[in-house]
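See below for protein13.cif, which holds mmCIF, C-alpha atoms and all ligand atoms.
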```cif
data_entry
loop_
_atom_site.label_atom_id
_atom_site.label_comp_id
_atom_site.auth_asym_id
_atom_site.auth_seq_id
_atom_site.Cartn_x
_atom_site.Cartn_y
_atom_site.Cartn_z
CA MET A 1 0.00 0.00 0.00
CA ASN A 2 1.11 3.55 -0.70
CA SER A 3 2.15 4.92 2.69
CA LEU A 4 1.21 8.44 1.54
CA LYS A 5 -2.43 7.40 1.66
CA MET A 6 -2.37 5.91 5.16
CA SER A 7 -3.51 7.62 8.34
CA PHE A 8 -0.91 8.02 11.05
CA SER A 9 -2.65 5.52 13.33
CA GLU A 10 -2.67 2.92 10.52
CA ARG A 11 1.02 3.51 10.08
CA ALA A 12 1.64 3.13 13.82
CA LYS A 13 0.50 -0.50 13.53
CA THR A 14 3.24 -1.22 10.99
CA SER A 15 6.07 -0.28 13.33
CA SER A 16 7.33 -2.18 16.34
CA HIS A 17 9.22 0.81 17.72
CA PRO A 18 7.42 2.26 20.78
CA LEU A 19 8.60 5.79 19.95
CA THR A 20 7.21 5.64 16.40
CA GLN A 21 3.94 4.34 17.79
CA ARG A 22 3.76 7.10 20.39
CA LEU A 23 4.60 9.89 17.95
CA LEU A 24 2.11 8.69 15.34
CA ALA A 25 -0.57 8.31 18.03
CA PHE A 26 0.01 11.90 19.21
CA MET A 27 -0.20 13.13 15.60
CA ASP A 28 -3.47 11.36 15.03
CA ALA A 29 -5.05 12.29 18.35
CA LYS A 30 -4.01 15.96 18.25
CA GLN A 31 -4.40 16.25 14.48
CA THR A 32 -1.03 17.86 14.09
CA ASN A 33 2.08 17.18 12.06
CA LEU A 34 3.76 20.33 13.31
CA ALA A 35 7.10 20.31 15.14
CA LEU A 36 8.27 23.46 16.86
CA SER A 37 11.96 24.20 16.51
CA ALA A 38 12.36 26.03 19.83
CA ASP A 39 15.58 27.84 18.96
CA VAL A 40 15.75 30.23 21.89
CA THR A 41 18.61 31.04 24.22
CA SER A 42 16.88 31.44 27.58
CA SER A 43 15.38 28.56 29.52
CA LYS A 44 12.46 30.70 30.64
CA GLU A 45 11.52 31.36 27.02
CA LEU A 46 11.98 27.70 26.09
CA LEU A 47 9.64 26.56 28.87
CA ARG A 48 7.12 29.25 28.08
CA TYR A 49 6.93 28.16 24.42
CA ALA A 50 6.67 24.51 25.46
CA GLU A 51 3.74 25.36 27.72
CA GLU A 52 1.93 27.72 25.34
CA ILE A 53 2.58 25.96 22.01
CA GLY A 54 2.66 22.40 23.41
CA PRO A 55 -1.04 21.77 22.62
CA GLU A 56 -0.45 22.52 18.90
CA ILE A 57 2.55 20.26 18.23
CA CYS A 58 3.49 16.59 18.00
CA LEU A 59 7.14 17.26 18.70
CA LEU A 60 9.38 19.91 20.21
CA LYS A 61 12.88 20.21 18.80
CA THR A 62 15.63 21.72 20.92
CA HIS A 63 19.19 22.94 20.49
CA ILE A 64 19.83 22.58 24.19
CA ASP A 65 23.42 23.84 23.88
CA ILE A 66 22.30 27.33 22.81
CA LEU A 67 20.70 28.02 26.21
CA HIS A 68 22.87 30.52 28.09
CA ASP A 69 21.43 29.42 31.44
CA PHE A 70 21.11 25.64 31.12
CA ASP A 71 20.78 23.46 34.17
CA PHE A 72 19.24 20.04 34.42
CA SER A 73 16.03 21.29 36.03
CA VAL A 74 15.13 22.84 32.64
CA VAL A 75 14.97 19.49 30.87
CA LYS A 76 13.16 17.92 33.82
CA ARG A 77 10.47 20.59 33.46
CA LEU A 78 10.48 20.16 29.68
CA ARG A 79 9.85 16.44 30.19
CA GLU A 80 6.86 17.22 32.43
CA LEU A 81 5.45 19.56 29.80
CA ALA A 82 6.00 16.96 27.05
CA ASP A 83 4.03 14.43 29.08
CA LYS A 84 1.33 16.94 29.96
CA HIS A 85 0.77 18.17 26.39
CA GLN A 86 1.70 14.89 24.67
CA PHE A 87 4.58 15.77 22.42
CA ILE A 88 7.95 14.14 21.75
CA LEU A 89 11.23 15.79 22.77
CA PHE A 90 13.79 15.84 19.97
CA GLU A 91 17.30 17.17 20.63
CA ASP A 92 18.70 18.30 17.28
CA ARG A 93 22.28 17.41 18.27
CA LYS A 94 23.36 16.23 14.80
CA PHE A 95 25.92 13.74 16.07
CA ALA A 96 28.69 13.25 13.54
CA ASP A 97 31.63 11.41 15.13
CA ILE A 98 32.86 7.85 15.67
CA GLY A 99 30.66 5.51 17.70
CA HIS A 100 32.75 5.68 20.88
CA THR A 101 32.69 9.46 21.01
CA VAL A 102 29.01 9.89 20.22
CA SER A 103 28.01 7.39 22.89
CA HIS A 104 29.63 9.70 25.47
CA GLN A 105 28.17 12.83 23.89
CA TYR A 106 24.72 11.26 23.98
CA GLN A 107 24.81 9.81 27.46
CA GLY A 108 27.04 12.11 29.48
CA GLY A 109 28.49 15.58 29.68
CA VAL A 110 26.47 18.50 30.91
CA TYR A 111 23.32 17.72 28.93
CA ARG A 112 22.81 13.92 29.44
CA ILE A 113 20.66 13.98 26.31
CA ALA A 114 19.71 10.29 26.44
CA ASP A 115 17.94 10.84 29.77
CA TRP A 116 15.33 13.30 28.53
CA ALA A 117 15.27 13.48 24.70
CA GLU A 118 13.57 10.41 23.33
CA LEU A 119 14.58 11.42 19.81
CA ILE A 120 17.95 12.55 18.42
CA ASN A 121 19.50 12.84 14.98
CA ALA A 122 22.85 12.04 13.41
CA HIS A 123 24.78 12.50 10.20
CA PRO A 124 25.52 9.10 8.67
CA LEU A 125 28.82 10.51 7.35
CA PRO A 126 31.15 8.56 9.69
CA GLY A 127 29.56 5.19 8.73
CA PRO A 128 27.43 2.65 10.65
CA GLY A 129 29.56 2.90 13.81
CA ILE A 130 27.83 6.16 14.68
CA ILE A 131 24.46 4.39 14.79
CA GLU A 132 25.90 1.53 16.83
CA GLY A 133 27.41 3.95 19.36
CA LEU A 134 24.13 5.80 19.83
CA LYS A 135 22.04 2.63 19.83
CA LYS A 136 24.13 1.13 22.61
CA ILE A 137 22.83 3.90 24.87
CA GLY A 138 19.42 4.68 23.41
CA LEU A 139 17.83 1.32 22.64
CA LEU A 140 17.43 0.28 26.28
CA LYS A 141 15.59 3.52 26.96
CA ASN A 142 13.26 3.02 23.96
CA ASN A 143 14.74 6.16 22.38
CA GLY A 144 14.97 6.58 18.62
CA LEU A 145 17.20 8.14 15.96
CA LEU A 146 16.61 10.13 12.78
CA LEU A 147 19.29 9.99 10.11
CA ILE A 148 19.96 13.24 8.27
CA ALA A 149 19.55 12.20 4.65
CA GLN A 150 19.12 15.64 3.09
CA MET A 151 19.48 19.21 4.33
CA SER A 152 17.58 22.39 3.60
CA SER A 153 20.62 24.62 3.28
CA LYS A 154 21.95 25.89 -0.01
CA GLY A 155 25.12 24.22 -1.31
CA ASN A 156 25.02 21.27 1.09
CA LEU A 157 27.12 18.28 0.02
CA MET A 158 24.48 15.56 0.33
CA ASN A 159 24.01 14.17 -3.16
CA SER A 160 21.63 11.37 -4.12
CA GLU A 161 24.23 8.67 -3.61
CA TYR A 162 24.80 9.89 -0.05
CA THR A 163 21.06 9.83 0.57
CA GLN A 164 20.78 6.28 -0.78
CA GLN A 165 23.59 5.08 1.49
CA CYS A 166 21.82 6.75 4.38
CA ILE A 167 18.65 4.76 3.62
CA ALA A 168 20.65 1.52 3.52
CA MET A 169 22.15 2.33 6.93
CA ALA A 170 18.68 2.97 8.32
CA HIS A 171 17.45 -0.43 7.08
CA ALA A 172 20.33 -2.15 8.84
CA HIS A 173 19.23 -0.57 12.16
CA LYS A 174 15.49 -0.55 11.93
CA ASP A 175 15.17 -1.27 15.64
CA PHE A 176 16.60 2.19 16.42
CA VAL A 177 16.29 4.41 13.33
CA ILE A 178 12.71 5.67 13.18
CA GLY A 179 13.04 7.94 10.16
CA PHE A 180 14.84 10.73 8.39
CA ILE A 181 15.46 14.43 8.28
CA THR A 182 14.91 15.05 4.62
CA GLN A 183 13.45 17.38 2.04
CA GLU A 184 11.34 14.68 0.36
CA LYS A 185 9.85 11.26 1.00
CA LEU A 186 12.60 8.72 0.47
CA LEU A 187 10.87 5.35 0.57
CA ASN A 188 7.47 3.78 0.83
CA ASP A 189 7.89 1.96 4.14
CA PRO A 190 5.08 3.33 6.39
CA GLY A 191 7.15 2.68 9.52
CA TYR A 192 9.66 5.43 8.71
CA ILE A 193 8.81 9.04 9.55
CA HIS A 194 9.99 11.81 7.25
CA MET A 195 10.59 15.13 9.00
CA THR A 196 11.43 18.28 7.14
CA PRO A 197 12.92 21.63 8.21
CA GLY A 198 13.14 24.75 6.08
CA ILE A 199 9.42 25.61 6.28
CA GLN A 200 7.68 28.97 6.18
CA ILE A 201 4.31 30.25 4.99
CA ALA A 202 5.96 31.57 1.82
CA GLU A 203 8.93 30.20 -0.12
CA GLY A 204 12.18 32.07 0.45
CA LYS A 205 15.54 32.03 2.18
CA ASP A 206 17.46 33.67 5.01
CA GLN A 207 20.81 35.50 4.88
CA LEU A 208 22.84 32.41 5.83
CA GLY A 209 21.83 29.77 3.31
CA GLN A 210 18.57 28.48 4.79
CA GLN A 211 15.96 27.73 2.08
CA TYR A 212 12.22 27.62 2.74
CA VAL A 213 9.31 25.82 1.11
CA THR A 214 5.67 26.01 2.16
CA PRO A 215 3.86 23.40 4.32
CA ALA A 216 1.83 22.28 1.27
CA MET A 217 4.95 21.78 -0.84
CA ALA A 218 6.65 19.79 1.93
CA ILE A 219 3.73 17.55 2.91
CA ARG A 220 1.43 17.29 -0.11
CA ASP A 221 3.90 17.60 -2.99
CA ARG A 222 7.06 16.09 -1.50
CA GLY A 223 5.48 13.47 0.76
CA ASN A 224 7.07 14.39 4.08
CA ASP A 225 5.19 13.67 7.31
CA VAL A 226 6.24 16.35 9.80
CA ILE A 227 7.00 20.04 9.23
CA ILE A 228 9.65 21.55 11.50
CA VAL A 229 9.15 25.29 11.97
CA GLY A 230 11.36 27.69 13.91
CA ARG A 231 11.41 31.38 13.01
CA GLY A 232 8.14 31.16 11.08
CA ILE A 233 6.55 30.78 14.52
CA LEU A 234 9.06 32.33 16.92
CA SER A 235 9.53 35.56 14.96
CA ALA A 236 5.81 36.07 14.36
CA PRO A 237 4.08 38.88 16.28
CA ASN A 238 1.96 36.24 18.04
CA PRO A 239 3.79 32.89 18.13
CA VAL A 240 0.82 30.93 19.53
CA GLU A 241 -1.44 32.13 16.71
CA ALA A 242 1.34 31.44 14.18
CA ALA A 243 1.71 27.89 15.53
CA LYS A 244 -2.04 27.34 15.13
CA LYS A 245 -1.78 28.55 11.53
CA TYR A 246 1.14 26.21 10.71
CA LYS A 247 -0.68 23.36 12.42
CA GLN A 248 -3.72 23.99 10.23
CA LEU A 249 -1.69 24.31 7.03
CA GLY A 250 0.33 21.18 7.78
CA TRP A 251 -2.75 19.14 8.59
CA GLU A 252 -4.68 20.35 5.55
CA ALA A 253 -1.73 19.42 3.34
CA PHE A 254 -1.69 15.96 4.91
CA GLN A 255 -5.46 15.54 4.46
CA SER A 256 -5.21 16.60 0.83
CA ARG A 257 -2.80 13.80 0.09
CA LEU A 258 -5.17 11.17 1.51
CA LYS A 259 -7.76 11.97 -1.17
P1 LIG B 301 14.04 27.93 11.01
O1 LIG B 301 14.04 29.07 11.96
O2 LIG B 301 12.60 27.41 10.72
O3 LIG B 301 14.82 28.21 9.76
O4 LIG B 301 14.79 26.78 11.83
C1 LIG B 301 15.06 25.52 11.27
C2 LIG B 301 15.62 24.58 12.32
O5 LIG B 301 15.84 23.31 11.71
C3 LIG B 301 16.95 24.99 12.93
O6 LIG B 301 16.95 24.59 14.29
C4 LIG B 301 17.99 24.19 12.18
O7 LIG B 301 19.10 23.86 12.99
C5 LIG B 301 17.23 22.95 11.78
N1 LIG B 301 17.63 22.35 10.50
C6 LIG B 301 17.50 22.99 9.30
O8 LIG B 301 17.04 24.12 9.23
N2 LIG B 301 17.84 22.37 8.13
C7 LIG B 301 18.35 21.12 8.10
O9 LIG B 301 18.62 20.57 7.03
C8 LIG B 301 18.52 20.45 9.35
C9 LIG B 301 18.13 21.09 10.52
BR1 LIG B 301 19.22 18.73 9.37
#
```
What is this structure when it is put down as structure tokens?
Ligand code: 5BU
Amino acid sequence: MNSLKMSFSERAKTSSHPLTQRLLAFMDAKQTNLALSADVTSSKELLRYAEEIGPEICLLKTHIDILHDFDFSVVKRLRELADKHQFILFEDRKFADIGHTVSHQYQGGVYRIADWAELINAHPLPGPGIIEGLKKIGLLKNNGLLLIAQMSSKGNLMNSEYTQQCIAMAHAHKDFVIGFITQEKLLNDPGYIHMTPGIQIAEGKDQLGQQYVTPAMAIRDRGNDVIIVGRGILSAPNPVEAAKKYKQLGWEAFQSRLK
């Protein structure tokens, strides 16, 4: 069956990964395929957005290392808000080193990412060892991994051969890799989730190479599942209203592809 035509709850049944099942269930129940990229530098702001925008999203993406006032109580509170509003926590750490190093970066240090972020991502560039290093820590906790198969930024080096190798690496670790960061749907397996950044209401770009497409282009035309939106929401005059708008546009685009 064409996975583009399946509801998220139908797709949940095709995966044995508890995180995939939980994410797809949230998406279906809350009728949202919106992820907030909460790229802010104060923990107060981060927690405020999680509380206020939490009801609109299926997933909250952090760059925890850009907080100027991080301490572990912030992620504890974030976890409570994720459970209260039913969204997944995704730390956009973009691991990119050998397995041994990433296992430490994931588990330890100041941020102890594995303890609170059920979802992380990694560049497949170093080879399968990076997945093995992360999986060693994450699998026991029922955490999951997204492989970065394509990027939104202009001039990035990920050609189609790279993307294909990334897919092959995902297949070899289906117990831990739950999907991809990508600009387009990569394969028809309904168990993989395709998440896409570089989204705004109108097509465009920023001053530093970011390139934007619209929610409809990302979800309806290119077959992605989740839109990841940062400044489109955070820089709007009213971020909560903007989040509601993106939620609506993302969901309409998803509905239109079911027809
Ligand atoms: P924006 O404000 O909507 O442009 O933020 C996009 C976010 O997604 C930001 O946190 C980036 O680090 C992240 N991102 C991206 O923009 N493009 C990519 O290809 C990947 C991540 Br991978």
Legend entry - Among listed residues A:Gly198, A:Gly133, A:Gly209, A:Gly99, nearest ligand LIG 301 (chain B) (using only C-alpha atoms and all ligand atoms): A:Gly198
Can you tell me which residues sit at most 8 Å away from ligand LIG 301 (chain B), counting all atoms listed in the file, written as an mmCIF file with C-alpha atoms, keeping the file's coordinate frame?
```cif
data_model
loop_
_atom_site.group_PDB
_atom_site.id
_atom_site.type_symbol
_atom_site.label_atom_id
_atom_site.label_comp_id
_atom_site.auth_asym_id
_atom_site.auth_seq_id
_atom_site.Cartn_x
_atom_site.Cartn_y
_atom_site.Cartn_z
ATOM 1 C CA SER A 37 11.960 24.200 16.510
ATOM 2 C CA ALA A 38 12.360 26.030 19.830
ATOM 3 C CA ASP A 39 15.580 27.840 18.960
ATOM 4 C CA LYS A 61 12.880 20.210 18.800
ATOM 5 C CA THR A 62 15.630 21.720 20.920
ATOM 6 C CA HIS A 63 19.190 22.940 20.490
ATOM 7 C CA ASP A 92 18.700 18.300 17.280
ATOM 8 C CA LYS A 94 23.360 16.230 14.800
ATOM 9 C CA ILE A 148 19.960 13.240 8.270
ATOM 10 C CA GLN A 150 19.120 15.640 3.090
ATOM 11 C CA MET A 151 19.480 19.210 4.330
ATOM 12 C CA SER A 152 17.580 22.390 3.600
ATOM 13 C CA SER A 153 20.620 24.620 3.280
ATOM 14 C CA ILE A 181 15.460 14.430 8.280
ATOM 15 C CA THR A 182 14.910 15.050 4.620
ATOM 16 C CA GLN A 183 13.450 17.380 2.040
ATOM 17 C CA THR A 196 11.430 18.280 7.140
ATOM 18 C CA PRO A 197 12.920 21.630 8.210
ATOM 19 C CA GLY A 198 13.140 24.750 6.080
ATOM 20 C CA ILE A 199 9.420 25.610 6.280
ATOM 21 C CA GLN A 200 7.680 28.970 6.180
ATOM 22 C CA ASP A 206 17.460 33.670 5.010
ATOM 23 C CA GLN A 210 18.570 28.480 4.790
ATOM 24 C CA GLN A 211 15.960 27.730 2.080
ATOM 25 C CA TYR A 212 12.220 27.620 2.740
ATOM 26 C CA ILE A 228 9.650 21.550 11.500
ATOM 27 C CA VAL A 229 9.150 25.290 11.970
ATOM 28 C CA GLY A 230 11.360 27.690 13.910
ATOM 29 C CA ARG A 231 11.410 31.380 13.010
ATOM 30 C CA GLY A 232 8.140 31.160 11.080
ATOM 31 C CA ILE A 233 6.550 30.780 14.520
ATOM 32 C CA LEU A 234 9.060 32.330 16.920
#
```
Inset, instruction - Can you pull out every residue within 10 Å of A:Lys174, counting all atoms listed in the file, but drop anything in the same chain fewer than 2 positions away, and send it as a VMD selection string? - result: chain A and resid 15 to 17 144 to 145 169 to 172 176 to 179 191 to 192
Restricted to C-alpha atoms, what would the selected residues look like written as a PDB file, in the frame of the given file?
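This is the output file selection_17.pdb:
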```pdb
ATOM      1  CA  SER A  15       6.070  -0.280  13.330  1.00  0.00           C
ATOM      2  CA  SER A  16       7.330  -2.180  16.340  1.00  0.00           C
ATOM      3  CA  HIS A  17       9.220   0.810  17.720  1.00  0.00           C
ATOM      4  CA  GLY A 144      14.970   6.580  18.620  1.00  0.00           C
ATOM      5  CA  LEU A 145      17.200   8.140  15.960  1.00  0.00           C
ATOM      6  CA  MET A 169      22.150   2.330   6.930  1.00  0.00           C
ATOM      7  CA  ALA A 170      18.680   2.970   8.320  1.00  0.00           C
ATOM      8  CA  HIS A 171      17.450  -0.430   7.080  1.00  0.00           C
ATOM      9  CA  ALA A 172      20.330  -2.150   8.840  1.00  0.00           C
ATOM     10  CA  PHE A 176      16.600   2.190  16.420  1.00  0.00           C
ATOM     11  CA  VAL A 177      16.290   4.410  13.330  1.00  0.00           C
ATOM     12  CA  ILE A 178      12.710   5.670  13.180  1.00  0.00           C
ATOM     13  CA  GLY A 179      13.040   7.940  10.160  1.00  0.00           C
ATOM     14  CA  GLY A 191       7.150   2.680   9.520  1.00  0.00           C
ATOM     15  CA  TYR A 192       9.660   5.430   8.710  1.00  0.00           C
TER      16      TYR A 192
END
```
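The protein and nucleic acid residues lying at most 6 Å from A:Leu67 are A:Thr41, A:Ser42, A:Ile64, A:Asp65, A:Asp69, A:Phe70, with all atoms listed in the file considered and sequence neighbours fewer than 2 positions away removed.
Between A:Leu119 and the candidates A:Tyr162, A:Phe180, A:Phe72, A:Tyr49, the tightest atom-to-atom separation, counting all atoms listed in the file, involves A:Phe180.
Nearest-residue note for A:Ala82: choosing from A:Glu51, A:Glu56, A:Asp28, A:Asp97, the minimum distance belongs to A:Glu51, counting only C-alpha atoms.
Of the listed residues A:Val240, A:Asp175, A:His104, A:Gln86, the one whose atoms come nearest to A:Leu140 is A:Asp175, with distances taken using only C-alpha atoms.
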Inset, instruction - Could you tell me how far atom CA of A:Phe8 lies from atom CA of A:Ile131, in Å and to one decimal? - result: 25.9 Å
Legend entry - A:Lys185 surroundings by all atoms listed in the file, 12 Å radius, close-in-sequence under 2 positions cut, as a PyMOL selection string: chain A and resi 2-4+149-150+163+167+179-183+187-190+192-196+217-226
Inset, instruction - Determine the nearest neighbour of A:Asn143 from the options A:Leu89, A:Val75, A:Ala35, A:Ala96, counting all atoms listed in the file. - result: A:Leu89
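Here the question is which of A:Lys247, A:His85, A:Arg22, A:Lys259 gets nearest to A:Ile227 using all atoms listed in the file, and that residue is A:Lys247.
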Legend entry - atom CA of A:Ala25 to atom CA of A:Ile88, distance in Å rounded to a single decimal: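 Computing it gives 11.0 Å between the two atoms.
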Inset, instruction - Give me, please, the distance in Å between atom CA of A:Phe26 and atom CA of A:Ser9, quoted to one decimal. - result: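 According to the coordinates, atom CA of A:Phe26 and atom CA of A:Ser9 are separated by 9.1 Å.
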Could the centre and edge lengths of an axis-aligned box, enclosing all atoms of stretch 215-231 of chain A in the file with 5 Å extra on each side, be given in Å to one decimal as AutoDock Vina command-line options?
```
--center_x 6.4 --center_y 22.4 --center_z 5.5 --size_x 20.0 --size_y 27.9 --size_z 26.9
```
